[in-house]
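Structure below is input.txt: compact mmCIF, C-alpha atoms.
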```
# COMPACT_ATOMS: atom_id res chain seq x y z
CA MET A 482 -14.86 -25.85 -53.58
CA LYS A 483 -17.51 -24.79 -51.09
CA VAL A 484 -17.25 -23.48 -47.53
CA PHE A 485 -19.94 -22.90 -44.92
CA VAL A 486 -19.43 -19.95 -42.56
CA SER A 487 -21.47 -20.35 -39.38
CA GLY A 488 -21.55 -16.66 -38.41
CA ASN A 489 -20.20 -13.23 -39.20
CA ILE A 490 -16.55 -12.70 -40.07
CA ALA A 491 -14.83 -9.58 -41.36
CA PRO A 492 -15.77 -8.78 -44.99
CA VAL A 493 -12.13 -9.05 -46.05
CA GLY A 494 -12.27 -12.76 -45.24
CA LEU A 495 -15.36 -13.39 -47.32
CA LYS A 496 -13.84 -11.42 -50.19
CA GLN A 497 -10.59 -13.38 -50.10
CA LEU A 498 -12.42 -16.70 -50.02
CA GLU A 499 -14.33 -15.73 -53.15
CA GLU A 500 -11.12 -14.50 -54.78
CA ASN A 501 -9.79 -18.01 -54.33
CA ASN A 502 -12.77 -19.38 -56.28
CA ILE A 503 -14.41 -20.77 -53.14
CA THR A 504 -18.19 -20.62 -52.99
CA VAL A 505 -19.31 -19.20 -49.64
CA THR A 506 -22.56 -20.03 -47.88
CA GLN A 507 -23.06 -18.02 -44.69
CA TRP A 508 -25.46 -18.48 -41.77
CA GLN A 509 -27.72 -15.42 -41.89
CA GLU A 510 -30.06 -15.76 -38.94
CA ASN A 511 -29.64 -13.58 -35.86
CA ARG A 512 -29.13 -16.53 -33.51
CA GLN A 513 -26.58 -19.23 -32.90
CA ILE A 514 -26.91 -22.16 -35.27
CA THR A 515 -27.95 -25.41 -33.59
CA ALA A 516 -25.88 -28.60 -33.71
CA GLU A 517 -28.43 -30.26 -36.00
CA GLU A 518 -28.58 -27.27 -38.33
CA LEU A 519 -24.79 -27.15 -38.53
CA ILE A 520 -24.59 -30.79 -39.58
CA GLU A 521 -27.27 -30.26 -42.21
CA ALA A 522 -25.57 -27.10 -43.51
CA CYS A 523 -22.22 -28.87 -43.90
CA LYS A 524 -23.51 -31.93 -45.76
CA ASP A 525 -22.66 -30.57 -49.21
CA GLN A 526 -19.69 -28.43 -48.17
CA ASP A 527 -15.95 -29.01 -48.44
CA ALA A 528 -14.92 -26.85 -45.47
CA LEU A 529 -16.31 -25.09 -42.41
CA VAL A 530 -15.50 -21.75 -40.83
CA SER A 531 -16.77 -22.18 -37.28
CA VAL A 532 -17.81 -18.89 -35.69
CA GLY A 533 -18.97 -18.83 -32.08
CA PRO A 534 -19.43 -21.63 -29.54
CA ASN A 535 -20.31 -24.42 -31.97
CA LYS A 536 -19.62 -27.81 -30.36
CA LEU A 537 -17.56 -29.71 -32.89
CA ASP A 538 -17.86 -32.98 -31.01
CA ALA A 539 -17.62 -36.59 -32.16
CA VAL A 540 -21.25 -36.58 -33.31
CA PHE A 541 -20.69 -33.58 -35.59
CA LEU A 542 -17.31 -34.73 -36.88
CA LYS A 543 -18.48 -38.24 -37.75
CA ALA A 544 -21.53 -36.82 -39.51
CA CYS A 545 -19.28 -34.42 -41.45
CA LYS A 546 -16.19 -36.56 -41.95
CA HIS A 547 -16.11 -35.49 -45.58
CA LEU A 548 -14.90 -31.99 -44.59
CA LYS A 549 -11.39 -31.29 -45.80
CA VAL A 550 -10.68 -28.58 -43.21
CA ILE A 551 -12.28 -26.70 -40.31
CA ALA A 552 -11.10 -23.16 -39.53
CA LEU A 553 -12.00 -21.73 -36.12
CA HIS A 554 -12.77 -18.04 -35.69
CA SER A 555 -10.87 -18.10 -32.38
CA VAL A 556 -7.58 -18.96 -30.80
CA GLY A 557 -9.34 -21.26 -28.32
CA PHE A 558 -10.21 -24.78 -29.46
CA ASP A 559 -11.81 -26.33 -26.37
CA GLN A 560 -15.06 -26.80 -28.32
CA VAL A 561 -13.42 -29.31 -30.68
CA ASP A 562 -12.99 -33.04 -30.15
CA LEU A 563 -9.41 -33.05 -31.42
CA ASP A 564 -8.91 -36.79 -30.97
CA THR A 565 -11.85 -37.58 -33.25
CA ALA A 566 -10.77 -34.92 -35.75
CA LYS A 567 -7.32 -36.49 -35.97
CA LYS A 568 -8.75 -39.98 -36.44
CA LEU A 569 -10.90 -38.67 -39.28
CA ASN A 570 -8.00 -36.67 -40.78
CA ILE A 571 -9.83 -33.37 -40.53
CA PRO A 572 -7.27 -30.61 -39.88
CA ILE A 573 -8.35 -27.90 -37.44
CA GLY A 574 -7.03 -24.35 -37.76
CA ASN A 575 -7.24 -21.47 -35.29
CA THR A 576 -6.17 -17.81 -35.17
CA PRO A 577 -3.30 -17.43 -32.68
CA GLY A 578 -1.19 -14.33 -32.10
CA VAL A 579 -3.26 -11.65 -33.80
CA LEU A 580 -5.77 -11.20 -30.98
CA SER A 581 -3.25 -11.01 -28.11
CA GLY A 582 -3.15 -7.21 -27.93
CA ALA A 583 -6.90 -6.68 -28.16
CA THR A 584 -7.68 -9.33 -25.56
CA ALA A 585 -5.05 -7.95 -23.18
CA ASP A 586 -6.59 -4.50 -23.66
CA THR A 587 -9.91 -5.96 -22.52
CA ALA A 588 -8.33 -7.48 -19.41
CA PHE A 589 -6.67 -4.12 -18.65
CA LEU A 590 -9.99 -2.33 -19.16
CA LEU A 591 -11.76 -4.71 -16.79
CA MET A 592 -9.06 -4.28 -14.15
CA LEU A 593 -9.52 -0.51 -14.14
CA ALA A 594 -13.31 -0.69 -14.38
CA VAL A 595 -13.49 -3.00 -11.37
CA SER A 596 -10.93 -1.09 -9.32
CA ARG A 597 -12.95 2.14 -9.69
CA LYS A 598 -16.43 0.54 -9.70
CA ALA A 599 -16.95 2.22 -13.07
CA PHE A 600 -19.82 0.11 -14.39
CA PHE A 601 -21.77 0.47 -11.14
CA SER A 602 -21.22 4.23 -11.05
CA HIS A 603 -22.35 4.55 -14.67
CA LYS A 604 -25.57 2.70 -13.82
CA LYS A 605 -26.25 5.24 -11.07
CA ILE A 606 -26.26 8.03 -13.64
CA ILE A 607 -28.68 6.12 -15.86
CA GLN A 608 -30.93 5.43 -12.87
CA GLY A 609 -30.97 9.09 -11.84
CA ASP A 610 -28.99 8.48 -8.66
CA TRP A 611 -26.20 10.98 -9.33
CA LYS A 612 -26.79 13.29 -6.38
CA ASN A 613 -24.68 16.07 -4.93
CA TYR A 614 -20.97 15.60 -4.33
CA GLU A 615 -20.18 12.96 -1.73
CA PRO A 616 -16.63 12.75 -0.33
CA ALA A 617 -16.99 9.04 0.45
CA PRO A 618 -19.30 7.28 -2.03
CA GLU A 619 -18.60 3.69 -3.11
CA LEU A 620 -14.82 4.07 -3.10
CA GLY A 621 -12.54 2.20 -5.44
CA ILE A 622 -8.97 1.06 -4.95
CA GLU A 623 -5.74 1.91 -6.78
CA VAL A 624 -3.58 -0.58 -8.67
CA ASN A 625 -0.39 1.47 -8.90
CA GLY A 626 2.55 -0.49 -7.52
CA LYS A 627 0.42 -3.53 -6.71
CA THR A 628 1.17 -7.14 -7.64
CA LEU A 629 -0.28 -8.57 -10.84
CA GLY A 630 -0.62 -12.34 -10.91
CA ILE A 631 -0.97 -14.08 -14.27
CA PHE A 632 -2.35 -17.60 -14.54
CA GLY A 633 -1.18 -18.69 -17.99
CA LEU A 634 1.60 -16.36 -19.11
CA GLY A 635 1.48 -16.91 -22.85
CA LYS A 636 1.16 -14.27 -25.56
CA ILE A 637 -2.00 -12.65 -24.18
CA GLY A 638 -0.82 -12.85 -20.58
CA LEU A 639 2.49 -11.26 -21.51
CA GLU A 640 0.72 -8.39 -23.27
CA MET A 641 -1.37 -7.80 -20.13
CA ALA A 642 1.74 -7.93 -17.95
CA ARG A 643 3.58 -5.45 -20.18
CA LYS A 644 0.72 -2.95 -19.96
CA CYS A 645 0.41 -3.22 -16.19
CA ALA A 646 4.16 -2.99 -15.58
CA ALA A 647 4.54 0.03 -17.87
CA ALA A 648 1.43 1.97 -16.85
CA TYR A 649 1.28 1.22 -13.14
CA GLN A 650 4.69 -0.18 -12.21
CA MET A 651 3.01 -3.38 -11.11
CA LYS A 652 5.16 -6.28 -9.94
CA VAL A 653 4.42 -9.36 -12.08
CA ILE A 654 4.25 -12.93 -10.78
CA TYR A 655 2.92 -15.89 -12.73
CA HIS A 656 2.14 -19.58 -12.70
CA ASN A 657 2.50 -21.74 -15.82
CA ARG A 658 3.10 -25.34 -16.71
CA SER A 659 6.57 -24.13 -17.74
CA ARG A 660 8.70 -21.06 -17.21
CA ASN A 661 8.38 -18.05 -19.53
CA GLU A 662 11.98 -16.87 -19.77
CA GLU A 663 11.06 -14.09 -22.22
CA ALA A 664 8.76 -12.48 -19.65
CA GLU A 665 11.27 -12.97 -16.86
CA LYS A 666 13.98 -11.15 -18.83
CA GLU A 667 11.77 -8.43 -20.31
CA ILE A 668 9.64 -7.33 -17.34
CA GLY A 669 11.12 -9.20 -14.40
CA ALA A 670 8.18 -11.57 -14.09
CA LYS A 671 8.68 -14.09 -11.29
CA TYR A 672 7.58 -17.72 -11.54
CA VAL A 673 5.71 -18.87 -8.41
CA SER A 674 3.66 -21.84 -7.26
CA PHE A 675 -0.11 -21.74 -7.70
CA ASP A 676 -0.60 -21.29 -3.94
CA THR A 677 1.83 -18.38 -3.89
CA LEU A 678 0.09 -16.83 -6.89
CA LEU A 679 -3.17 -16.86 -4.96
CA ALA A 680 -1.65 -15.53 -1.76
CA GLN A 681 0.33 -12.64 -3.27
CA SER A 682 -1.75 -11.32 -6.20
CA ASP A 683 -3.59 -8.03 -5.82
CA VAL A 684 -4.94 -8.55 -9.35
CA LEU A 685 -5.17 -12.12 -10.66
CA SER A 686 -5.71 -12.30 -14.42
CA ILE A 687 -6.55 -15.55 -16.22
CA HIS A 688 -5.00 -16.20 -19.64
CA THR A 689 -4.88 -19.97 -19.95
CA ALA A 690 -6.69 -22.36 -22.27
CA LEU A 691 -9.70 -24.33 -21.03
CA THR A 692 -8.48 -27.89 -20.56
CA PRO A 693 -9.47 -30.77 -18.28
CA GLU A 694 -6.78 -29.47 -15.88
CA THR A 695 -8.05 -25.87 -15.83
CA LYS A 696 -11.81 -26.53 -15.95
CA ASP A 697 -13.38 -25.27 -12.70
CA LYS A 698 -9.89 -24.41 -11.46
CA PHE A 699 -11.15 -21.40 -9.56
CA THR A 700 -13.58 -22.69 -6.96
CA LEU A 701 -14.56 -21.47 -3.52
CA ASP A 702 -11.56 -23.16 -1.93
CA VAL A 703 -9.28 -21.29 -4.33
CA PHE A 704 -10.98 -17.92 -3.82
CA LYS A 705 -10.57 -18.39 -0.05
CA GLN A 706 -6.79 -18.43 -0.57
CA MET A 707 -6.77 -15.06 -2.32
CA LYS A 708 -6.34 -11.67 -0.68
CA PRO A 709 -9.57 -10.00 0.53
CA ASN A 710 -8.54 -6.93 -1.54
CA ALA A 711 -7.82 -8.98 -4.69
CA ILE A 712 -9.43 -8.45 -8.09
CA PHE A 713 -10.16 -11.54 -10.21
CA ILE A 714 -10.06 -11.05 -14.00
CA ASN A 715 -11.06 -13.70 -16.56
CA THR A 716 -10.85 -13.01 -20.31
CA ALA A 717 -9.98 -16.61 -21.23
CA ARG A 718 -12.91 -19.04 -20.86
CA GLY A 719 -15.85 -19.00 -18.46
CA GLY A 720 -15.42 -22.66 -17.61
CA ILE A 721 -12.17 -21.91 -15.80
CA HIS A 722 -14.04 -20.37 -12.86
CA ASN A 723 -17.04 -21.74 -11.01
CA GLU A 724 -19.54 -18.92 -11.27
CA LYS A 725 -21.63 -19.87 -8.24
CA ASP A 726 -18.48 -20.00 -6.14
CA LEU A 727 -17.34 -16.65 -7.54
CA ILE A 728 -20.65 -15.08 -6.55
CA GLN A 729 -20.32 -16.47 -3.02
CA ALA A 730 -16.71 -15.32 -2.76
CA LEU A 731 -17.74 -11.77 -3.67
CA GLU A 732 -20.80 -11.75 -1.43
CA GLU A 733 -18.77 -12.98 1.54
CA LYS A 734 -15.90 -10.57 0.72
CA MET A 735 -13.31 -13.30 0.23
CA ILE A 736 -12.10 -11.18 -2.70
CA TRP A 737 -12.65 -7.51 -3.49
CA GLY A 738 -13.96 -7.60 -7.05
CA ALA A 739 -14.16 -9.36 -10.41
CA GLY A 740 -14.01 -8.46 -14.09
CA LEU A 741 -15.29 -10.95 -16.63
CA ASP A 742 -15.29 -11.01 -20.42
CA VAL A 743 -16.27 -14.68 -20.32
CA THR A 744 -19.00 -16.33 -18.28
CA ASN A 745 -20.42 -19.77 -17.66
CA PRO A 746 -22.83 -20.18 -19.33
CA GLU A 747 -22.75 -17.71 -22.20
CA PRO A 748 -24.78 -15.63 -22.73
CA MET A 749 -25.13 -14.66 -19.06
CA ASP A 750 -28.66 -14.46 -17.67
CA LYS A 751 -29.75 -10.84 -17.21
CA ASN A 752 -30.74 -11.62 -13.62
CA ASN A 753 -27.32 -12.97 -12.66
CA PRO A 754 -26.36 -11.47 -9.25
CA LEU A 755 -22.94 -10.49 -10.61
CA LEU A 756 -24.55 -7.80 -12.77
CA ALA A 757 -25.91 -5.98 -9.72
CA MET A 758 -22.68 -5.96 -7.71
CA GLU A 759 -20.87 -2.63 -7.42
CA ASN A 760 -17.42 -4.24 -7.55
CA VAL A 761 -18.01 -6.35 -10.69
CA ALA A 762 -17.66 -5.52 -14.38
CA VAL A 763 -18.96 -7.93 -17.03
CA LEU A 764 -18.53 -7.70 -20.81
CA PRO A 765 -20.18 -9.95 -23.45
CA HIS A 766 -17.04 -11.80 -24.65
CA ILE A 767 -15.61 -8.91 -26.70
CA GLY A 768 -11.92 -9.65 -26.07
CA SER A 769 -10.90 -9.62 -29.73
CA ALA A 770 -13.69 -7.34 -30.96
CA THR A 771 -11.78 -4.62 -32.80
CA GLU A 772 -11.93 -3.97 -36.52
CA GLU A 773 -8.20 -4.55 -36.89
CA THR A 774 -8.11 -7.81 -34.96
CA ARG A 775 -11.19 -9.32 -36.56
CA ALA A 776 -9.80 -8.49 -40.02
CA ALA A 777 -6.51 -10.17 -39.11
CA MET A 778 -8.38 -13.22 -37.82
CA ALA A 779 -10.38 -13.44 -41.05
CA LYS A 780 -7.19 -13.39 -43.13
CA ILE A 781 -5.74 -16.26 -41.10
CA ILE A 782 -8.97 -18.20 -41.54
CA VAL A 783 -8.65 -17.82 -45.31
CA GLN A 784 -5.06 -19.10 -45.19
CA ASN A 785 -6.17 -22.16 -43.23
CA ILE A 786 -9.14 -22.86 -45.51
CA VAL A 787 -7.17 -22.47 -48.75
CA ALA A 788 -4.35 -24.71 -47.52
CA GLY A 789 -6.76 -27.35 -46.25
CA LEU A 790 -8.70 -27.47 -49.50
CA LYS A 791 -5.42 -27.95 -51.40
CA GLY A 792 -4.44 -30.78 -49.09
CA GLU A 793 -1.52 -28.77 -47.74
CA PRO A 794 -0.50 -28.35 -44.07
CA LEU A 795 -2.42 -25.53 -42.38
CA PRO A 796 -0.26 -22.51 -41.54
CA PHE A 797 -2.06 -22.23 -38.18
CA GLU A 798 -3.05 -25.77 -37.27
CA VAL A 799 -4.13 -26.96 -33.84
CA LYS A 800 -1.93 -29.93 -33.00
```
Take the structure I supplied and represent it as structure tokens, if you would.
Amino acid sequence: MKVFVSGNIAPVGLKQLEENNITVTQWQENRQITAEELIEACKDQDALVSVGPNKLDAVFLKACKHLKVIALHSVGFDQVDLDTAKKLNIPIGNTPGVLSGATADTAFLLMLAVSRKAFFSHKKIIQGDWKNYEPAPELGIEVNGKTLGIFGLGKIGLEMARKCAAAYQMKVIYHNRSRNEEAEKEIGAKYVSFDTLLAQSDVLSIHTALTPETKDKFTLDVFKQMKPNAIFINTARGGIHNEKDLIQALEEKMIWGAGLDVTNPEPMDKNNPLLAMENVAVLPHIGSATEETRAAMAKIIVQNIVAGLKGEPLPFEVK
């Protein structure tokens, strides 16, 4: 059996694939593979490990309907046309659970970086602008005892809520399609309407999947409903917020600051106004980028690939 890997995964994954007598062909160029190149690369393969933002749309799936399984190097699956995959009987696997802690750490990091204008202050050192002591430079704000709002309180959102409640005694409110009784019992999280979430959150952290319902959910009208001292955090998907509206909301001080690990589009243009704002922190989609998490993701990928090639149900299948 043969598998094409469209980017870099942890070495343990490649080793385990080979140990299962699977021949691995890996994309080696230092750029994202194009849609046409991905189709061509998969023509003589039995499976695909999709790394990065490859669009596995109807065009790709119909051209590669011979694939026995596709394993995503992510928990998100918004890049896949699941309806077409199901019609073609191509099982799709993802990597849930193992990246919750690392991604929540990134959201927590962004919250603190924004609240203290850390990225902006660091740039001042690099630019030679660290002058004598000033009692009132670009002041930050504190998060201790504030209200954390979670939009999408699943595994990652709960990890973020736990950290904020434990470290800073933050009150947790959330909005979901359904109640999270585990979070309510464990940390006293309170379920609220979306409007209440916007009105009461001092920090609003996004942890939902990108779906037709959540795409462009955070627009100018939504930012207007938030507190002027609120911090907006998105470590989920860039398509959930409208970036032009976010820029305007920050420029017009509708909200206090923003921390992003995801942008729209990705990669972000180096001249994007967000990168010059003192109350903004942007990271290049590194939510799960730890050695431990990436190794765990690679092991799950192997499980999905091996099961799919044997014609067995995937242990981590996207339904």
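If you measure from each of A:Leu529, A:Ala491, A:Met707, A:Ile714 to Asp676 in chain A using all atoms listed in the file, the closest one turns out to be A:Met707.
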Counting all atoms listed in the file, write as a short mmCIF file (atom, residue, chain, number, x, y, z; two decimals) with C-alpha atoms, in the coordinates of the input all protein and nucleic acid residues lying at most 12 Å from (-11.6, -19.5, -34.7) in the file's frame.
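Listing of point19.cif after writing:
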```cif
data_model
loop_
_atom_site.label_atom_id
_atom_site.label_comp_id
_atom_site.auth_asym_id
_atom_site.auth_seq_id
_atom_site.Cartn_x
_atom_site.Cartn_y
_atom_site.Cartn_z
CA VAL A 486 -19.43 -19.95 -42.56
CA SER A 487 -21.47 -20.35 -39.38
CA GLY A 488 -21.55 -16.66 -38.41
CA ASN A 489 -20.20 -13.23 -39.20
CA ILE A 490 -16.55 -12.70 -40.07
CA LEU A 529 -16.31 -25.09 -42.41
CA VAL A 530 -15.50 -21.75 -40.83
CA SER A 531 -16.77 -22.18 -37.28
CA VAL A 532 -17.81 -18.89 -35.69
CA GLY A 533 -18.97 -18.83 -32.08
CA PRO A 534 -19.43 -21.63 -29.54
CA ASN A 535 -20.31 -24.42 -31.97
CA LEU A 537 -17.56 -29.71 -32.89
CA ILE A 551 -12.28 -26.70 -40.31
CA ALA A 552 -11.10 -23.16 -39.53
CA LEU A 553 -12.00 -21.73 -36.12
CA HIS A 554 -12.77 -18.04 -35.69
CA SER A 555 -10.87 -18.10 -32.38
CA VAL A 556 -7.58 -18.96 -30.80
CA GLY A 557 -9.34 -21.26 -28.32
CA PHE A 558 -10.21 -24.78 -29.46
CA ASP A 559 -11.81 -26.33 -26.37
CA GLN A 560 -15.06 -26.80 -28.32
CA VAL A 561 -13.42 -29.31 -30.68
CA ILE A 573 -8.35 -27.90 -37.44
CA GLY A 574 -7.03 -24.35 -37.76
CA ASN A 575 -7.24 -21.47 -35.29
CA THR A 576 -6.17 -17.81 -35.17
CA PRO A 577 -3.30 -17.43 -32.68
CA GLY A 578 -1.19 -14.33 -32.10
CA VAL A 579 -3.26 -11.65 -33.80
CA LEU A 580 -5.77 -11.20 -30.98
CA SER A 769 -10.90 -9.62 -29.73
CA ARG A 775 -11.19 -9.32 -36.56
CA ALA A 777 -6.51 -10.17 -39.11
CA MET A 778 -8.38 -13.22 -37.82
CA ALA A 779 -10.38 -13.44 -41.05
CA LYS A 780 -7.19 -13.39 -43.13
CA ILE A 781 -5.74 -16.26 -41.10
CA ILE A 782 -8.97 -18.20 -41.54
CA VAL A 783 -8.65 -17.82 -45.31
CA ASN A 785 -6.17 -22.16 -43.23
CA ILE A 786 -9.14 -22.86 -45.51
CA PHE A 797 -2.06 -22.23 -38.18
CA GLU A 798 -3.05 -25.77 -37.27
CA VAL A 799 -4.13 -26.96 -33.84
#
```
Choose the residue, out of A:Trp508, A:Phe541, A:Phe675, A:Tyr649, that has the smallest atom-to-atom separation from Gly633 in chain A; count all atoms listed in the file. A:Phe675
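With only C-alpha atoms as the atoms that count, the residue of A:Gln784, A:Ile622, A:Thr689, A:Asp742 with the shortest distance to Pro796 in chain A is A:Gln784.
Close contacts of Ala539 in chain A, defined as residues with an atom at most 9 Å away when counting all atoms listed in the file, with chain neighbours fewer than 5 positions off set aside, comprise A:Ala544, A:Val561, A:Asp562, A:Leu563, A:Asp564, A:Thr565, A:Ala566.
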For the atom pair CA of Val684 in chain A and CA of Phe704 in chain A, what is the interatomic distance in Å to one decimal place?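 So the two atoms, CA of Val684 in chain A and CA of Phe704 in chain A, lie 12.4 Å apart.
The closest residue to Ile637 in chain A, picked from A:Lys725, A:Lys698, A:Lys666, A:His688 and counting all atoms listed in the file, is A:His688.
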Quick one: range 740-749 of chain A from the block, all heavy atoms, as a compact mmCIF listing (two decimals), in the first residue's frame.
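Final output, selection21.txt:
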```
# COMPACT_ATOMS: atom_id res chain seq x y z
N GLY A 740 -6.21 39.02 19.84
CA GLY A 740 -5.12 38.06 19.71
C GLY A 740 -5.53 36.98 18.74
O GLY A 740 -6.58 36.35 18.92
N LEU A 741 -4.74 36.77 17.71
CA LEU A 741 -5.11 35.84 16.65
C LEU A 741 -4.01 34.81 16.40
O LEU A 741 -2.85 35.17 16.23
CB LEU A 741 -5.36 36.60 15.33
CG LEU A 741 -6.36 37.76 15.35
CD1 LEU A 741 -6.37 38.46 13.99
CD2 LEU A 741 -7.74 37.28 15.73
N ASP A 742 -4.40 33.55 16.37
CA ASP A 742 -3.51 32.50 15.88
C ASP A 742 -3.95 32.06 14.50
O ASP A 742 -3.27 31.28 13.84
CB ASP A 742 -3.51 31.30 16.83
CG ASP A 742 -2.48 30.25 16.45
OD1 ASP A 742 -1.34 30.63 16.13
OD2 ASP A 742 -2.82 29.05 16.46
N VAL A 743 -5.10 32.54 14.07
CA VAL A 743 -5.66 32.23 12.76
C VAL A 743 -6.09 33.53 12.11
O VAL A 743 -6.57 34.45 12.78
CB VAL A 743 -6.85 31.26 12.88
CG1 VAL A 743 -6.39 29.88 13.29
CG2 VAL A 743 -7.89 31.78 13.86
N THR A 744 -5.92 33.62 10.81
CA THR A 744 -6.25 34.84 10.08
C THR A 744 -7.00 34.48 8.81
O THR A 744 -7.12 33.31 8.45
CB THR A 744 -4.97 35.63 9.73
OG1 THR A 744 -4.12 34.83 8.89
CG2 THR A 744 -4.21 36.03 10.99
N ASN A 745 -7.48 35.49 8.13
CA ASN A 745 -8.22 35.27 6.89
C ASN A 745 -7.86 36.36 5.90
O ASN A 745 -8.31 37.49 6.05
CB ASN A 745 -9.72 35.28 7.18
CG ASN A 745 -10.56 34.85 5.99
OD1 ASN A 745 -10.05 34.25 5.05
ND2 ASN A 745 -11.83 35.16 6.01
N PRO A 746 -6.99 36.06 4.90
CA PRO A 746 -6.47 34.73 4.55
C PRO A 746 -5.23 34.37 5.37
O PRO A 746 -4.73 35.18 6.14
CB PRO A 746 -6.10 34.89 3.08
CG PRO A 746 -5.66 36.33 2.98
CD PRO A 746 -6.57 37.08 3.91
N GLU A 747 -4.78 33.16 5.17
CA GLU A 747 -3.50 32.69 5.70
C GLU A 747 -2.63 32.28 4.52
O GLU A 747 -3.12 31.60 3.63
CB GLU A 747 -3.69 31.50 6.65
CG GLU A 747 -4.36 31.86 7.95
CD GLU A 747 -4.47 30.68 8.92
OE1 GLU A 747 -3.89 29.61 8.62
OE2 GLU A 747 -5.12 30.82 9.95
N PRO A 748 -1.35 32.68 4.53
CA PRO A 748 -0.67 33.52 5.50
C PRO A 748 -1.18 34.97 5.44
O PRO A 748 -1.68 35.42 4.41
CB PRO A 748 0.80 33.45 5.08
CG PRO A 748 0.91 32.31 4.14
CD PRO A 748 -0.43 32.18 3.48
N MET A 749 -1.01 35.70 6.55
CA MET A 749 -1.38 37.11 6.60
C MET A 749 -0.35 37.94 5.84
O MET A 749 0.85 37.67 5.89
CB MET A 749 -1.44 37.57 8.06
CG MET A 749 -1.68 39.06 8.23
SD MET A 749 -1.70 39.56 9.98
CE MET A 749 -3.42 39.25 10.39
```
